[in-house]
$ cat work.tsv   # TSV, C-alpha atoms and all ligand atoms
chain	number	residue	atom	x	y	z
A	1	MET	CA	0.00	0.00	0.00
A	2	VAL	CA	2.72	2.43	1.06
A	3	LYS	CA	4.56	1.55	-2.17
A	4	TYR	CA	1.51	2.65	-4.24
A	5	ILE	CA	1.28	5.90	-2.34
A	6	TYR	CA	4.94	6.62	-3.15
A	7	ILE	CA	4.32	5.82	-6.85
A	8	LEU	CA	1.30	8.16	-6.90
A	9	LEU	CA	3.25	10.88	-5.13
A	10	GLY	CA	6.09	10.43	-7.64
A	11	ILE	CA	3.75	10.83	-10.62
A	12	TYR	CA	2.11	13.88	-9.08
A	13	THR	CA	5.44	15.49	-8.34
A	14	CYS	CA	6.72	14.88	-11.88
A	15	ASN	CA	3.60	16.47	-13.40
A	16	GLU	CA	3.79	19.34	-10.99
A	17	ILE	CA	7.47	19.94	-11.81
A	18	LEU	CA	6.70	19.89	-15.54
A	19	ARG	CA	3.85	22.33	-15.02
A	20	ILE	CA	6.02	24.71	-13.02
A	21	MET	CA	8.85	24.44	-15.56
A	22	SER	CA	6.52	25.36	-18.40
A	23	ASN	CA	5.17	28.32	-16.44
A	24	ILE	CA	7.98	30.66	-17.39
A	25	ALA	CA	7.69	34.31	-16.35
A	26	LYS	CA	8.69	37.10	-18.73
A	27	LYS	CA	8.80	40.82	-18.13
A	28	ILE	CA	7.11	43.16	-20.61
A	29	CYS	CA	7.09	46.96	-20.23
A	30	ILE	CA	4.56	49.43	-21.60
A	31	VAL	CA	5.90	52.88	-22.39
A	32	GLY	CA	4.73	56.03	-24.12
A	33	ASP	CA	3.80	59.65	-23.46
A	34	PHE	CA	1.29	60.72	-20.79
A	35	GLY	CA	-2.31	59.73	-21.33
A	36	VAL	CA	-1.86	57.62	-24.49
A	37	GLY	CA	-3.69	54.70	-22.87
A	38	LYS	CA	-0.94	52.45	-21.45
A	39	THR	CA	-2.81	51.55	-18.26
A	40	SER	CA	-6.06	51.16	-20.20
A	41	LEU	CA	-4.49	48.67	-22.65
A	42	ILE	CA	-3.17	46.53	-19.80
A	43	ARG	CA	-6.43	46.67	-17.87
A	44	ARG	CA	-8.37	45.65	-20.97
A	45	PHE	CA	-6.03	42.66	-21.46
A	46	VAL	CA	-5.67	41.55	-17.83
A	47	GLU	CA	-8.97	42.62	-16.22
A	48	ARG	CA	-11.20	42.81	-19.35
A	49	GLN	CA	-12.30	46.29	-18.27
A	50	PHE	CA	-12.21	49.85	-19.56
A	51	SER	CA	-12.87	53.12	-17.81
A	52	ASP	CA	-13.23	56.63	-19.29
A	53	ARG	CA	-11.74	58.14	-16.15
A	54	TYR	CA	-8.12	59.28	-16.40
A	55	LEU	CA	-5.98	58.50	-13.37
A	56	SER	CA	-2.40	59.31	-14.34
A	57	SER	CA	0.05	56.60	-13.22
A	58	VAL	CA	2.89	57.39	-10.84
A	59	GLY	CA	5.98	55.20	-10.79
A	60	VAL	CA	5.31	51.64	-11.80
A	61	LYS	CA	2.51	49.13	-11.31
A	62	ILE	CA	2.93	45.45	-12.07
A	63	TYR	CA	0.22	43.21	-13.53
A	64	ARG	CA	0.43	39.48	-14.27
A	65	LYS	CA	-1.37	37.26	-16.72
A	66	VAL	CA	-0.76	33.66	-17.77
A	67	VAL	CA	-1.16	33.03	-21.50
A	68	GLU	CA	-0.88	29.87	-23.57
A	69	VAL	CA	1.80	29.74	-26.22
A	70	ASN	CA	3.06	27.19	-28.73
A	71	GLY	CA	6.27	25.35	-27.87
A	72	LYS	CA	9.28	25.39	-30.17
A	73	ASN	CA	8.07	22.46	-32.27
A	74	HIS	CA	4.50	23.90	-32.25
A	75	GLN	CA	3.13	20.62	-30.83
A	76	GLU	CA	3.38	21.09	-27.09
A	77	GLU	CA	1.35	23.83	-25.41
A	78	LEU	CA	3.20	25.85	-22.82
A	79	THR	CA	2.08	28.65	-20.59
A	80	VAL	CA	4.00	31.81	-19.96
A	81	GLN	CA	3.32	34.27	-17.20
A	82	LEU	CA	3.55	37.80	-18.56
A	83	VAL	CA	4.73	40.17	-15.86
A	84	ILE	CA	3.56	43.49	-17.29
A	85	TRP	CA	5.16	46.68	-15.99
A	86	ASP	CA	2.92	49.70	-16.44
A	87	LEU	CA	5.28	52.68	-16.40
A	88	GLU	CA	4.24	56.27	-15.76
A	89	GLY	CA	4.00	58.42	-18.88
A	90	SER	CA	6.88	60.52	-20.07
A	91	ASN	CA	7.26	63.95	-21.70
A	92	LYS	CA	10.12	66.33	-22.38
A	93	PHE	CA	10.35	67.25	-18.70
A	94	LYS	CA	9.95	63.76	-17.32
A	95	LYS	CA	11.88	60.91	-18.93
A	96	ILE	CA	11.39	57.16	-18.47
A	97	THR	CA	13.36	55.78	-15.53
A	98	PRO	CA	15.81	53.48	-17.35
A	99	THR	CA	16.09	50.99	-14.45
A	100	TYR	CA	12.40	50.13	-14.90
A	101	LEU	CA	13.25	48.75	-18.34
A	102	GLN	CA	16.05	46.46	-17.17
A	103	GLY	CA	15.46	42.75	-17.72
A	104	ALA	CA	12.46	43.25	-20.03
A	105	SER	CA	12.08	40.68	-22.82
A	106	ALA	CA	9.85	43.05	-24.73
A	107	VAL	CA	8.19	46.44	-24.75
A	108	ILE	CA	4.92	47.78	-26.09
A	109	ILE	CA	5.36	51.39	-27.18
A	110	VAL	CA	2.09	53.27	-27.28
A	111	GLY	CA	1.09	56.41	-29.19
A	112	ASP	CA	-2.29	58.16	-29.29
A	113	VAL	CA	-3.53	58.48	-32.89
A	114	ASN	CA	-5.19	61.80	-32.04
A	115	ARG	CA	-2.04	63.43	-30.65
A	116	GLN	CA	0.65	63.53	-33.30
A	117	GLU	CA	3.46	64.45	-30.92
A	118	THR	CA	2.96	61.16	-29.08
A	119	LEU	CA	3.51	59.31	-32.39
A	120	VAL	CA	6.65	61.32	-33.14
A	121	HIS	CA	8.02	60.34	-29.72
A	122	ILE	CA	7.71	56.60	-30.45
A	123	ALA	CA	11.14	56.66	-32.14
A	124	GLU	CA	12.69	58.10	-28.96
A	125	HIS	CA	11.08	55.42	-26.80
A	126	ILE	CA	12.42	52.72	-29.14
A	127	ASN	CA	15.96	54.10	-28.78
A	128	ILE	CA	15.77	54.31	-24.99
A	129	PHE	CA	14.49	50.73	-24.74
A	130	LEU	CA	17.17	49.37	-27.10
A	131	SER	CA	19.93	51.21	-25.25
A	132	ILE	CA	19.05	49.08	-22.22
A	133	ASN	CA	17.82	45.87	-23.90
A	134	PRO	CA	19.51	45.66	-27.32
A	135	THR	CA	18.03	42.21	-28.01
A	136	GLY	CA	14.52	42.93	-26.69
A	137	LEU	CA	11.42	42.75	-28.86
A	138	ILE	CA	9.29	45.80	-29.67
A	139	VAL	CA	5.65	46.18	-30.63
A	140	VAL	CA	4.12	49.54	-31.51
A	141	ALA	CA	0.48	50.24	-30.58
A	142	PHE	CA	-1.42	53.09	-32.30
A	143	ASN	CA	-4.07	53.48	-29.64
A	144	LYS	CA	-7.52	55.15	-29.37
A	145	MET	CA	-8.44	53.95	-32.85
A	146	ASP	CA	-12.12	54.18	-31.89
A	147	LEU	CA	-11.73	57.98	-31.87
A	148	THR	CA	-10.52	58.32	-35.43
A	149	ASP	CA	-11.68	57.46	-38.95
A	150	GLU	CA	-10.35	54.81	-41.33
A	151	GLU	CA	-8.72	57.27	-43.71
A	152	LYS	CA	-6.69	58.82	-40.93
A	153	VAL	CA	-5.76	55.38	-39.64
A	154	SER	CA	-4.06	54.31	-42.86
A	155	ILE	CA	-2.13	57.60	-43.08
A	156	ILE	CA	-0.91	57.18	-39.52
A	157	ILE	CA	0.10	53.58	-40.04
A	158	ASN	CA	2.02	54.48	-43.21
A	159	ASN	CA	3.77	57.47	-41.65
A	160	TYR	CA	4.79	55.88	-38.38
A	161	GLN	CA	6.06	52.44	-39.34
A	162	TYR	CA	9.34	51.37	-37.80
A	163	GLN	CA	9.94	48.50	-40.19
A	164	GLU	CA	13.58	49.43	-40.70
A	165	GLN	CA	14.22	48.79	-37.02
A	166	GLU	CA	14.72	45.00	-36.91
A	167	ARG	CA	13.68	44.59	-33.26
A	168	VAL	CA	10.21	45.99	-34.08
A	169	ILE	CA	8.14	42.88	-34.80
A	170	ALA	CA	4.68	44.39	-35.33
A	171	HIS	CA	2.46	47.49	-35.40
A	172	TYR	CA	-1.14	47.29	-34.18
A	173	PRO	CA	-4.03	49.74	-34.43
A	174	THR	CA	-5.54	49.30	-30.96
A	175	SER	CA	-8.42	50.52	-28.85
A	176	ALA	CA	-8.54	49.89	-25.13
A	177	LYS	CA	-12.18	50.93	-25.31
A	178	THR	CA	-13.34	48.35	-27.87
A	179	GLY	CA	-10.56	45.78	-27.33
A	180	LEU	CA	-9.33	46.07	-30.94
A	181	TYR	CA	-6.15	43.94	-31.47
A	182	ILE	CA	-5.26	43.86	-27.78
A	183	ASP	CA	-5.31	40.08	-27.20
A	184	GLU	CA	-3.57	39.55	-30.57
A	185	MET	CA	-0.81	41.98	-29.60
A	186	PHE	CA	-0.01	40.39	-26.23
A	187	GLU	CA	-0.33	36.85	-27.59
A	188	LYS	CA	2.01	37.59	-30.47
A	189	LEU	CA	4.59	39.00	-28.08
A	190	ALA	CA	4.32	36.01	-25.75
A	191	ASN	CA	4.76	33.58	-28.65
A	192	ARG	CA	7.75	35.43	-30.07
A	193	ILE	CA	9.44	35.65	-26.68
A	194	ILE	CA	9.01	31.92	-26.12
A	195	SER	CA	10.03	30.89	-29.61
A	196	GLY	CA	13.42	32.38	-28.73
A	197	VAL	CA	13.42	35.14	-31.29
A	198	GLU	CA	14.65	37.50	-28.59
A	199	GLY	CA	18.39	37.52	-28.06
B	201	LIG	N1	-11.74	56.39	-26.46
B	201	LIG	C1	-10.63	55.84	-25.94
B	201	LIG	N2	-10.13	56.33	-24.79
B	201	LIG	C2	-9.03	55.75	-24.29
B	201	LIG	C3	-8.41	54.64	-24.91
B	201	LIG	N3	-7.33	54.27	-24.16
B	201	LIG	C4	-7.32	55.11	-23.12
B	201	LIG	N4	-8.32	56.00	-23.17
B	201	LIG	C5	-8.61	57.10	-22.24
B	201	LIG	O1	-7.47	57.95	-22.20
B	201	LIG	C6	-7.23	58.42	-20.87
B	201	LIG	C7	-5.81	58.05	-20.44
B	201	LIG	O2	-5.73	56.64	-20.35
B	201	LIG	P1	-4.63	55.91	-19.44
B	201	LIG	O3	-4.74	54.47	-19.72
B	201	LIG	O4	-4.71	56.35	-18.04
B	201	LIG	O5	-3.28	56.49	-20.10
B	201	LIG	P2	-1.79	56.27	-19.61
B	201	LIG	O6	-0.95	56.22	-20.85
B	201	LIG	O7	-1.68	55.13	-18.68
B	201	LIG	O8	-1.51	57.64	-18.84
B	201	LIG	P3	-0.29	57.96	-17.80
B	201	LIG	O9	-0.28	56.89	-16.78
B	201	LIG	O10	-0.62	59.31	-17.23
B	201	LIG	O11	0.95	58.03	-18.62
B	201	LIG	C8	-8.31	57.81	-20.01
B	201	LIG	O12	-9.35	58.75	-19.86
B	201	LIG	C9	-8.80	56.60	-20.80
B	201	LIG	O13	-10.16	56.31	-20.56
B	201	LIG	C10	-8.97	54.15	-26.14
B	201	LIG	O14	-8.49	53.20	-26.79
B	201	LIG	N5	-10.09	54.80	-26.60
B	202	MG	MG	-1.01	54.97	-16.74
$ encode --input "work.tsv" --output "structure tokens" --more "lines below"
Ligand SMILES: Nc1nc2c(ncn2[C@@H]2O[C@H](COP(=O)(O)OP(=O)(O)OP(=O)(O)O)[C@@H](O)[C@H]2O)c(=O)[nH]1
Ligand SMILES: [Mg+2]
Amino acid sequence: MVKYIYILLGIYTCNEILRIMSNIAKKICIVGDFGVGKTSLIRRFVERQFSDRYLSSVGVKIYRKVVEVNGKNHQEELTVQLVIWDLEGSNKFKKITPTYLQGASAVIIVGDVNRQETLVHIAEHINIFLSINPTGLIVVAFNKMDLTDEEKVSIIINNYQYQEQERVIAHYPTSAKTGLYIDEMFEKLANRIISGVEG
């Protein structure tokens, strides 16, 4: 009897170890100018909520969400815990604190499609991130798409592409209000991080 209990315990422990091993944690940062919708994008993804109220972030707040990703051979299903760092907004008087970016596998850089200066600043945010994480992955989010029209959207996307920058893996027109492309964006990042494209 005792022998069977040991066998059962052994099986359980092995499964548990495998589960823990596949539950890798990866740090992702969200950066951009003040008020572009960084916190709203994360809250939509993690909490499935949106609020019209604007509460400007101070310092950093950390969110976590486990997502399923494909393993290297695309047969096994792994999970990865995204540890998402919501950083306070920056402007010309207040720069991103570089230490917040350390150890990040990826960054989502957010601009507000209705405030052109926030789109112009995306290039600066890319440079700051790469100066700290030269092999990190970058996704650009053109946010608040629900507040603009289709014609404007295509102009913005054409004018603010960072295709020449090889660490930029995708651009997404997003809306934290409607949820447009938000799951796709985080899932793509998680998959690319796990498939070892970083580094
Ligand atoms: N219509 C619309 N409003 C949005 C969207 N995303 C954010 N907002 C609004 O924009 C305001 C700022 O959003 P936040 O998510 O707080 O922006 P933030 O980038 O975190 O701001 P800081 O923390 O100050 O840098 C809030 O009033 C949000 O409700 C969006 O996709 N569509
Ligand atoms: Mg915020």
$ residues_around --input "work.tsv" --residues "Cys29 in chain A" --least-positions-apart "5" --cutoff "6 Å" --atoms "only C-alpha atoms" --output "list in words"
Ile84, Trp85 and Val107 of chain A
$ closest_residue --input "work.tsv" --among "A:Gln81, A:Thr148, A:Asn70, A:Thr178" --to "Arg44 in chain A" --atoms "all atoms listed in the file"
A:Thr178
$ residues_near_ligand --input "work.tsv" --ligand "ligand LIG 201 (chain B)" --cutoff "10 Å" --atoms "all atoms listed in the file" --output "PyMOL selection string"
chain A and resi 30-44+50-61+86-91+110-113+142-148+173-180+182
$ atom_distance --input "work.tsv" --atom1 "CA of Asn133 in chain A" --atom2 "CA of Arg167 in chain A"
10.3 Å
$ closest_residue --input "work.tsv" --among "A:Ile62, A:Ile109, A:Ala141, A:Ile28" --to "Ile128 in chain A" --atoms "only C-alpha atoms"
A:Ile109
$ closest_residue --input "work.tsv" --among "A:Asn159, A:Val139, A:Phe45, A:Met185" --to "Val120 in chain A" --atoms "all atoms listed in the file"
A:Asn159
$ residues_near_point --input "work.tsv" --point "(2.8, 61.5, -36.3)" --cutoff "10 Å" --atoms "all atoms listed in the file" --output "list in words"
Gly111, Asp112, Val113, Asn114, Arg115, Gln116, Glu117, Thr118, Leu119, Val120, His121, Ile122, Ile155, Ile156, Ile157, Asn158, Asn159 and Tyr160 of chain A
$ closest_residue --input "work.tsv" --among "A:Ala104, A:Val67, A:Lys27, A:Glu77" --to "Glu184 in chain A" --atoms "all atoms listed in the file"
A:Val67
$ build_atoms --input "work.tsv" --residues "range 30-41 of chain A" --atoms "N, CA and C atoms" --output "PDB file, in the coordinates of the input"
ATOM      1  N   ILE A  30       5.391  48.598 -20.723  1.00  0.00           N
ATOM      2  CA  ILE A  30       4.560  49.430 -21.600  1.00  0.00           C
ATOM      3  C   ILE A  30       5.007  50.865 -21.426  1.00  0.00           C
ATOM      4  N   VAL A  31       5.435  51.497 -22.508  1.00  0.00           N
ATOM      5  CA  VAL A  31       5.900  52.880 -22.390  1.00  0.00           C
ATOM      6  C   VAL A  31       5.227  53.774 -23.437  1.00  0.00           C
ATOM      7  N   GLY A  32       5.322  55.056 -23.198  1.00  0.00           N
ATOM      8  CA  GLY A  32       4.730  56.030 -24.120  1.00  0.00           C
ATOM      9  C   GLY A  32       4.493  57.336 -23.356  1.00  0.00           C
ATOM     10  N   ASP A  33       4.048  58.352 -24.084  1.00  0.00           N
ATOM     11  CA  ASP A  33       3.800  59.650 -23.460  1.00  0.00           C
ATOM     12  C   ASP A  33       2.614  59.558 -22.473  1.00  0.00           C
ATOM     13  N   PHE A  34       2.423  60.643 -21.730  1.00  0.00           N
ATOM     14  CA  PHE A  34       1.290  60.720 -20.790  1.00  0.00           C
ATOM     15  C   PHE A  34      -0.048  60.520 -21.501  1.00  0.00           C
ATOM     16  N   GLY A  35      -0.911  59.753 -20.899  1.00  0.00           N
ATOM     17  CA  GLY A  35      -2.310  59.730 -21.330  1.00  0.00           C
ATOM     18  C   GLY A  35      -2.591  59.021 -22.652  1.00  0.00           C
ATOM     19  N   VAL A  36      -1.622  58.282 -23.198  1.00  0.00           N
ATOM     20  CA  VAL A  36      -1.860  57.620 -24.490  1.00  0.00           C
ATOM     21  C   VAL A  36      -2.714  56.355 -24.351  1.00  0.00           C
ATOM     22  N   GLY A  37      -2.834  55.867 -23.098  1.00  0.00           N
ATOM     23  CA  GLY A  37      -3.690  54.700 -22.870  1.00  0.00           C
ATOM     24  C   GLY A  37      -2.938  53.437 -22.449  1.00  0.00           C
ATOM     25  N   LYS A  38      -1.756  53.613 -21.861  1.00  0.00           N
ATOM     26  CA  LYS A  38      -0.940  52.450 -21.450  1.00  0.00           C
ATOM     27  C   LYS A  38      -1.680  51.606 -20.403  1.00  0.00           C
ATOM     28  N   THR A  39      -2.116  52.275 -19.337  1.00  0.00           N
ATOM     29  CA  THR A  39      -2.810  51.550 -18.260  1.00  0.00           C
ATOM     30  C   THR A  39      -4.096  50.925 -18.800  1.00  0.00           C
ATOM     31  N   SER A  40      -4.787  51.668 -19.660  1.00  0.00           N
ATOM     32  CA  SER A  40      -6.060  51.160 -20.200  1.00  0.00           C
ATOM     33  C   SER A  40      -5.845  49.900 -21.041  1.00  0.00           C
ATOM     34  N   LEU A  41      -4.765  49.863 -21.826  1.00  0.00           N
ATOM     35  CA  LEU A  41      -4.490  48.670 -22.650  1.00  0.00           C
ATOM     36  C   LEU A  41      -4.246  47.452 -21.759  1.00  0.00           C
TER      37      LEU A  41
END
